[in-house]
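First up is the structure itself, then whatever we jot down about it.
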Amino acid sequence: MAAPLNQVIFPVSFQELFAAWNRFPDAVLYAGGTNLIGKQSKNIISLPPVFICLDKIEELQRITRTEQYLEIGAMVNLNRLTGLGKIVPEILCACLENIAGPQVRNIATIGGNICSVSRLLDLPAILTALDAQYEFRGASNATRWVSAPRFHSKDHTILNEHELLTRIKLPLLQWDYAVYKKFYCEGYFNNETLAFLVKTQKNILSEIRVVYKGDSILRNKDAEDILNGKSLPLSRKTAAEFVGNWVYFLAEMNEVPELSVNSIINSIEENLYNLSE
Ligand SMILES: Cc1cc2nc3c(=O)[nH]c(=O)nc-3n(C[C@H](O)[C@H](O)[C@H](O)COP(=O)(O)OP(=O)(O)OC[C@H]3O[C@@H](n4cnc5c(N)ncnc54)[C@H](O)[C@@H]3O)c2cc1C
């Protein structure tokens with residue numbers, strides 16, 4: 001159906017949303033609009049004739065907590081999430097507080113940050129490090145769960161046509177050492193980030209996750225295996241083996257600029273220093 005220009009539809013249910021998408025197959029989902037409108041004002045995209053605004057679907061605004069998980073509706077804005085306080089993992093708060101300024105964070109949604117297809121933004125990497133799961137809903141109203149690491153591959157996501165992200169399920173694990181580092185680069189959206197998470201049991205390092213985000217999200221599980229189960233403080237030899245493995249991993253990847261490799265390795269060394277003898 002030919003649509004009049006600049007129409008915005010406000011469905012109040014998923015049924016209404018998919019009916020609208022059926023009528024206007026080229027309609028684009030609109031969450032906070034900060035990415036869509038930003039790109040349009042820079043002439044990166046032209047506005048589509050029809051937007052489907054997700055604002056009025058109550059289920060997408062919901063936040064629930066169980067003993068093991070925090071479930072966050074895709075339309076929850078970034079400030080609302082940090083406002084939940086201690087229940088939100090510290091490293092996720094650090095990531096959220098480093099995205100844009102408070103005004104943008106009042107509008108930008110978690111779903112919009114994850115689903116921005118033109119560029120990989122900051123939240124997907126931290127949600128990968130925290131082992132989050134995403135719930136998607138498709139045209140037949142069927143839902144599917146996808147783990148955060150599976151959702152983003154280099155240059156694309158596995159979001160199907162006429163599918164939306166509805167919920168993010170976040171395991172509430174206790175991390176004993178958690179550091180988030182954002183390396184500032186030219187332009188708002190070209191950030192590189194590093195998440196460094198460690199869990200300990202007595203004096204043993206029981207789990208480590210190190211996740212880097214540049215143009216794609218990188219995690220080096222071989223290196224993590226070097227440290228899993230090691231006594232703390234780490235010996236210098238073990239720490240050096242971990243760093244060496246990351247140097248080799250990044251060289252093999254051949255996609256990270258040399259300057260960034262140096263920043264990542266320095267940051268990893270700094271964190272290991274805090275855990276070493
Ligand atoms: C000044 C400024 C500075 C910024 N700095 C940073 C930064 O440092 N780090 C960072 O990570 N980001 C940064 N951003 C980007 C910002 O975080 C994103 O614009 C925002 O998270 C997108 O959320 P939104 O709700 O506005 O999405 P929208 O702009 O509404 O949508 C973004 C895209 O996602 C799609 N979409 C939205 N919701 C869903 C859904 N539920 N299911 C499927 N598809 C969906 C839309 O169709 C669109 O393609 C900055 C933005 C601005 C304006």
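Here, A, B, ... name the chains of the structure tokens in the order displayed, residue numbers run from 1 inside each chain, and ligands are numbered from 1 in the same displayed order.
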Would you mind listing the residues within 7 Å of ligand 1, counting only C-alpha atoms and all ligand atoms, as an MDAnalysis selection string? chainID A and resid 28:38 74:75 98:101 104 107:113 115:117 121:123 163:166 188:189 191
Ile158 of chain A environment, 12 Å, only C-alpha atoms, sequence neighbours closer than 5 positions dropped, as a PyMOL selection string: chain A and resi 114-115+117+134+136+144-153+163-165
Preceding selection exported with all heavy atoms as a compact mmCIF listing (two decimals), in the first residue's frame:
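Contents of the output file out.txt:
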# COMPACT_ATOMS: atom_id res chain seq x y z
N ILE A 114 21.10 -1.91 20.89
CA ILE A 114 21.48 -3.26 20.44
C ILE A 114 21.20 -3.43 18.94
O ILE A 114 21.98 -4.05 18.22
CB ILE A 114 20.69 -4.33 21.25
CG1 ILE A 114 21.12 -4.29 22.72
CG2 ILE A 114 20.88 -5.73 20.66
CD1 ILE A 114 20.21 -5.08 23.65
N CYS A 115 20.07 -2.87 18.48
CA CYS A 115 19.62 -3.15 17.10
C CYS A 115 20.10 -2.13 16.06
O CYS A 115 19.74 -2.25 14.90
CB CYS A 115 18.10 -3.23 17.05
SG CYS A 115 17.50 -4.67 17.94
N VAL A 117 21.80 -1.03 13.28
CA VAL A 117 22.49 -1.90 12.34
C VAL A 117 23.64 -1.21 11.62
O VAL A 117 24.57 -1.86 11.15
CB VAL A 117 21.51 -2.49 11.29
CG1 VAL A 117 20.79 -3.69 11.82
CG2 VAL A 117 20.56 -1.45 10.77
N TYR A 134 18.71 -12.42 24.26
CA TYR A 134 17.75 -11.49 23.67
C TYR A 134 16.51 -12.27 23.22
O TYR A 134 16.64 -13.32 22.59
CB TYR A 134 18.33 -10.82 22.42
CG TYR A 134 19.61 -10.04 22.64
CD1 TYR A 134 20.53 -9.88 21.59
CD2 TYR A 134 19.92 -9.46 23.87
CE1 TYR A 134 21.71 -9.16 21.76
CE2 TYR A 134 21.10 -8.73 24.03
CZ TYR A 134 21.99 -8.59 22.99
OH TYR A 134 23.16 -7.88 23.15
N PHE A 136 13.32 -12.20 20.68
CA PHE A 136 12.80 -11.56 19.46
C PHE A 136 11.40 -12.08 19.18
O PHE A 136 11.07 -13.23 19.50
CB PHE A 136 13.71 -11.88 18.27
CG PHE A 136 15.08 -11.30 18.43
CD1 PHE A 136 16.11 -12.07 18.95
CD2 PHE A 136 15.33 -9.98 18.09
CE1 PHE A 136 17.38 -11.53 19.13
CE2 PHE A 136 16.60 -9.44 18.26
CZ PHE A 136 17.62 -10.22 18.78
N ARG A 144 11.68 -16.07 19.80
CA ARG A 144 12.88 -16.91 19.86
C ARG A 144 13.90 -16.19 20.73
O ARG A 144 13.91 -14.95 20.82
CB ARG A 144 13.46 -17.18 18.47
CG ARG A 144 13.93 -15.93 17.75
CD ARG A 144 14.68 -16.23 16.45
NE ARG A 144 15.09 -14.98 15.81
CZ ARG A 144 16.25 -14.78 15.23
NH1 ARG A 144 17.14 -15.74 15.17
NH2 ARG A 144 16.55 -13.61 14.67
N TRP A 145 14.74 -17.00 21.40
CA TRP A 145 15.81 -16.43 22.23
C TRP A 145 17.14 -16.63 21.52
O TRP A 145 17.39 -17.70 20.96
CB TRP A 145 15.85 -17.12 23.59
CG TRP A 145 14.75 -16.70 24.51
CD1 TRP A 145 13.56 -17.32 24.68
CD2 TRP A 145 14.74 -15.56 25.39
NE1 TRP A 145 12.79 -16.65 25.62
CE2 TRP A 145 13.50 -15.56 26.06
CE3 TRP A 145 15.65 -14.53 25.66
CZ2 TRP A 145 13.15 -14.59 26.99
CZ3 TRP A 145 15.29 -13.56 26.60
CH2 TRP A 145 14.06 -13.59 27.25
N VAL A 146 17.98 -15.61 21.57
CA VAL A 146 19.31 -15.68 20.96
C VAL A 146 20.31 -15.15 21.99
O VAL A 146 20.05 -14.14 22.65
CB VAL A 146 19.37 -14.79 19.69
CG1 VAL A 146 20.77 -14.76 19.10
CG2 VAL A 146 18.37 -15.27 18.64
N SER A 147 21.45 -15.83 22.12
CA SER A 147 22.44 -15.32 23.09
C SER A 147 23.13 -14.10 22.49
O SER A 147 23.34 -14.02 21.27
CB SER A 147 23.46 -16.41 23.42
OG SER A 147 24.25 -16.65 22.29
N ALA A 148 23.50 -13.15 23.36
CA ALA A 148 24.11 -11.90 22.88
C ALA A 148 25.31 -12.15 21.96
O ALA A 148 25.41 -11.51 20.91
CB ALA A 148 24.49 -11.01 24.07
N PRO A 149 26.21 -13.09 22.31
CA PRO A 149 27.37 -13.28 21.40
C PRO A 149 26.96 -13.74 20.00
O PRO A 149 27.67 -13.49 19.04
CB PRO A 149 28.19 -14.38 22.08
CG PRO A 149 27.68 -14.50 23.46
CD PRO A 149 26.32 -13.91 23.51
N ARG A 150 25.83 -14.42 19.89
CA ARG A 150 25.42 -14.92 18.56
C ARG A 150 24.75 -13.85 17.71
O ARG A 150 24.66 -13.98 16.49
CB ARG A 150 24.43 -16.09 18.74
CG ARG A 150 25.11 -17.45 18.91
CD ARG A 150 24.16 -18.57 18.59
NE ARG A 150 23.66 -18.49 17.23
CZ ARG A 150 22.38 -18.57 16.89
NH1 ARG A 150 21.45 -18.75 17.80
NH2 ARG A 150 22.00 -18.49 15.65
N PHE A 151 24.24 -12.80 18.36
CA PHE A 151 23.42 -11.83 17.62
C PHE A 151 24.24 -10.96 16.65
O PHE A 151 23.82 -10.71 15.53
CB PHE A 151 22.65 -10.95 18.60
CG PHE A 151 21.73 -9.97 17.92
CD1 PHE A 151 20.72 -10.42 17.08
CD2 PHE A 151 21.88 -8.60 18.09
CE1 PHE A 151 19.87 -9.53 16.43
CE2 PHE A 151 21.04 -7.70 17.45
CZ PHE A 151 20.04 -8.17 16.62
N HIS A 152 25.41 -10.51 17.12
CA HIS A 152 26.23 -9.63 16.26
C HIS A 152 27.39 -10.40 15.65
O HIS A 152 28.18 -10.99 16.37
CB HIS A 152 26.83 -8.48 17.08
CG HIS A 152 25.85 -7.41 17.39
ND1 HIS A 152 25.09 -7.41 18.53
CD2 HIS A 152 25.50 -6.30 16.72
CE1 HIS A 152 24.31 -6.35 18.55
NE2 HIS A 152 24.53 -5.65 17.46
N SER A 153 27.47 -10.39 14.33
CA SER A 153 28.70 -10.85 13.70
C SER A 153 29.27 -9.62 13.00
O SER A 153 28.61 -8.58 12.96
CB SER A 153 28.44 -11.90 12.63
OG SER A 153 27.36 -12.68 12.98
N GLU A 163 10.97 -8.43 12.33
CA GLU A 163 11.16 -9.02 13.65
C GLU A 163 11.63 -7.91 14.58
O GLU A 163 12.34 -7.00 14.14
CB GLU A 163 12.23 -10.12 13.56
CG GLU A 163 12.35 -10.96 14.80
CD GLU A 163 13.39 -12.07 14.62
OE1 GLU A 163 14.51 -11.78 14.16
OE2 GLU A 163 13.08 -13.21 14.96
N LEU A 164 11.22 -7.97 15.85
CA LEU A 164 11.72 -6.95 16.77
C LEU A 164 12.28 -7.58 18.03
O LEU A 164 11.90 -8.69 18.39
CB LEU A 164 10.63 -5.92 17.11
CG LEU A 164 9.57 -6.27 18.15
CD1 LEU A 164 9.10 -5.02 18.84
CD2 LEU A 164 8.40 -6.97 17.48
N LEU A 165 13.19 -6.84 18.64
CA LEU A 165 13.74 -7.26 19.93
C LEU A 165 12.72 -6.85 20.99
O LEU A 165 12.26 -5.71 21.01
CB LEU A 165 15.08 -6.53 20.16
CG LEU A 165 15.72 -6.67 21.53
CD1 LEU A 165 16.15 -8.10 21.81
CD2 LEU A 165 16.95 -5.76 21.64
What residues in segment 26-251 of chain A get the DSSP label strand (DSSP E)? Please answer as a ChimeraX atom specification. /A:28-30,50-53,63-65,69-73,133-138,143-147,152-153,156-157,163-171,177-183,192-201,204-213,217-219
Could you list, with a cut-off of 10 Å and counting only C-alpha atoms, the residues of segment 119-203 of chain A near segment 260-267 of chain A, each shown with its nearest atom pair and the distance in Å rounded to one decimal, rows sorted by chain and ascending number, as a tab-separated table?
residue	atom	partner	partner_atom	distance
A:Val179	CA	A:Ser267	CA	9.8
A:Tyr180	CA	A:Ser267	CA	9.9
A:Lys181	CA	A:Ser267	CA	7.9
A:Phe183	CA	A:Ser263	CA	8.0
A:Cys185	CA	A:Ser260	CA	10.0
A:Glu192	CA	A:Ser260	CA	8.2
A:Thr193	CA	A:Ile264	CA	8.7
A:Leu194	CA	A:Ile264	CA	7.3
A:Ala195	CA	A:Ser267	CA	9.8
A:Phe196	CA	A:Ser267	CA	9.3
Give me, please, the distance in Å between atom CA of Arg137 of chain A and atom CA of Pro11 of chain A, quoted to one decimal.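 Rounded to one decimal, the two atoms are 14.8 Å apart.
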Do a neighbour search on Trp21 of chain A at 12 Å with only C-alpha atoms, toss out local chain neighbours closer than 2 positions, and write the hits as a PyMOL selection string. chain A and resi 1+3+8-11+14-19+23-29+50-53+138-140+161-164
Output C-alpha atoms for every residue in the selection just made, as a tab-separated table (two decimals), in the first residue's frame.
chain	number	residue	atom	x	y	z
A	1	MET	CA	0.00	0.00	0.00
A	3	ALA	CA	1.87	5.38	2.35
A	8	VAL	CA	4.02	7.57	12.40
A	9	ILE	CA	1.98	4.65	13.69
A	10	PHE	CA	1.64	4.00	17.42
A	11	PRO	CA	0.52	0.37	17.96
A	14	PHE	CA	2.14	-6.70	19.06
A	15	GLN	CA	-0.94	-7.68	17.07
A	16	GLU	CA	-1.43	-4.07	15.98
A	17	LEU	CA	2.28	-3.70	15.27
A	18	PHE	CA	2.45	-6.68	12.92
A	19	ALA	CA	-0.80	-5.64	11.23
A	23	ARG	CA	0.18	-2.95	5.50
A	24	PHE	CA	3.42	-0.98	5.20
A	25	PRO	CA	6.23	-3.55	4.70
A	26	ASP	CA	8.90	-0.81	4.38
A	27	ALA	CA	7.98	0.82	7.68
A	28	VAL	CA	10.89	1.21	10.11
A	29	LEU	CA	10.74	0.65	13.88
A	50	VAL	CA	6.34	5.26	7.72
A	51	PHE	CA	7.67	4.78	11.22
A	52	ILE	CA	6.23	2.30	13.69
A	53	CYS	CA	6.81	3.85	17.09
A	138	GLY	CA	8.40	-12.22	14.54
A	139	ALA	CA	5.42	-11.70	12.27
A	140	SER	CA	3.67	-14.93	13.26
A	161	GLU	CA	12.88	-9.15	8.42
A	162	HIS	CA	9.82	-7.89	10.31
A	163	GLU	CA	11.16	-9.02	13.65
A	164	LEU	CA	11.72	-6.95	16.77
Within 7 Å of Leu197 of chain A, counting only C-alpha atoms, which residues qualify if same-chain residues fewer than 4 places away don't, as number ranges by chain? A: 175, 177-179, 208-210
Atomic separation - atom CA of Ile226 of chain A relative to atom CA of Thr238 of chain A, Å: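 One can read the atom CA of Thr238 of chain A to atom CA of Ile226 of chain A distance as 7.4 Å.
The two atoms in question, atom CA of Leu78 of chain A and atom CA of Gln61 of chain A, are spaced 11.8 Å apart.
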What's around Asn274 of chain A at 12 Å? Count only C-alpha atoms, leave out sequence neighbours fewer than 2 positions away in its own chain, and write the answer as an MDAnalysis selection string. chainID A and resid 177:179 196 198 232:236 239 267:272 276:277
Give me a file of those residues, with C-alpha atoms, as a compact mmCIF listing (two decimals), in the first residue's frame.
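Full text of out-v9.txt as output:
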# COMPACT_ATOMS: atom_id res chain seq x y z
CA TYR A 177 36.70 -7.74 39.83
CA ALA A 178 34.99 -5.81 37.03
CA VAL A 179 36.56 -3.03 34.99
CA PHE A 196 37.39 -7.26 32.13
CA VAL A 198 36.79 -11.94 37.11
CA LEU A 232 45.58 -15.71 43.12
CA PRO A 233 47.66 -13.64 43.06
CA LEU A 234 48.67 -14.76 39.57
CA SER A 235 52.31 -15.56 38.90
CA ARG A 236 54.12 -13.25 36.50
CA ALA A 239 50.09 -13.28 33.44
CA SER A 267 44.67 -2.20 29.48
CA ILE A 268 44.81 -5.99 29.84
CA GLU A 269 48.27 -5.72 31.45
CA GLU A 270 46.99 -3.08 33.87
CA ASN A 271 44.15 -5.36 35.00
CA LEU A 272 46.44 -8.38 35.30
CA SER A 276 49.25 -10.57 40.15
CA GLU A 277 51.95 -11.02 42.80
Residue list (helix (DSSP H, G or I), DSSP) for segment 27-164 of chain A, as a ChimeraX atom specification: /A:34-41,58-61,78-82,85-87,90-97,102-107,110-115,123-129,148-151
Can you tell me which residues surround Lys221 of chain A at a distance of at most 12 Å, considering only C-alpha atoms, apart from same-chain residues fewer than 4 positions away, and format the answer as an mmCIF file with C-alpha atoms, in the first residue's frame?
data_model
loop_
_atom_site.group_PDB
_atom_site.id
_atom_site.type_symbol
_atom_site.label_atom_id
_atom_site.label_comp_id
_atom_site.auth_asym_id
_atom_site.auth_seq_id
_atom_site.Cartn_x
_atom_site.Cartn_y
_atom_site.Cartn_z
ATOM 1 C CA ALA A 129 30.504 -10.231 28.432
ATOM 2 C CA GLU A 207 36.133 -17.421 35.809
ATOM 3 C CA ILE A 208 37.492 -14.648 33.615
ATOM 4 C CA ARG A 209 35.893 -12.884 30.650
ATOM 5 C CA VAL A 210 37.666 -10.256 28.593
ATOM 6 C CA VAL A 211 35.638 -8.727 25.761
ATOM 7 C CA ASP A 225 41.476 -20.989 29.735
ATOM 8 C CA ILE A 226 45.040 -20.108 30.742
ATOM 9 C CA LEU A 227 43.755 -18.284 33.828
ATOM 10 C CA ASN A 228 40.655 -20.295 34.781
ATOM 11 C CA PHE A 242 47.812 -14.575 28.996
ATOM 12 C CA ASN A 245 48.051 -15.181 23.862
ATOM 13 C CA TRP A 246 46.076 -11.943 23.365
ATOM 14 C CA PHE A 249 45.050 -13.543 18.896
#
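Residues within 7 Å of Leu172 of chain A, counting only C-alpha atoms and excluding same-chain residues fewer than 3 positions away, are Gln68, Tyr69 and Leu70 of chain A.
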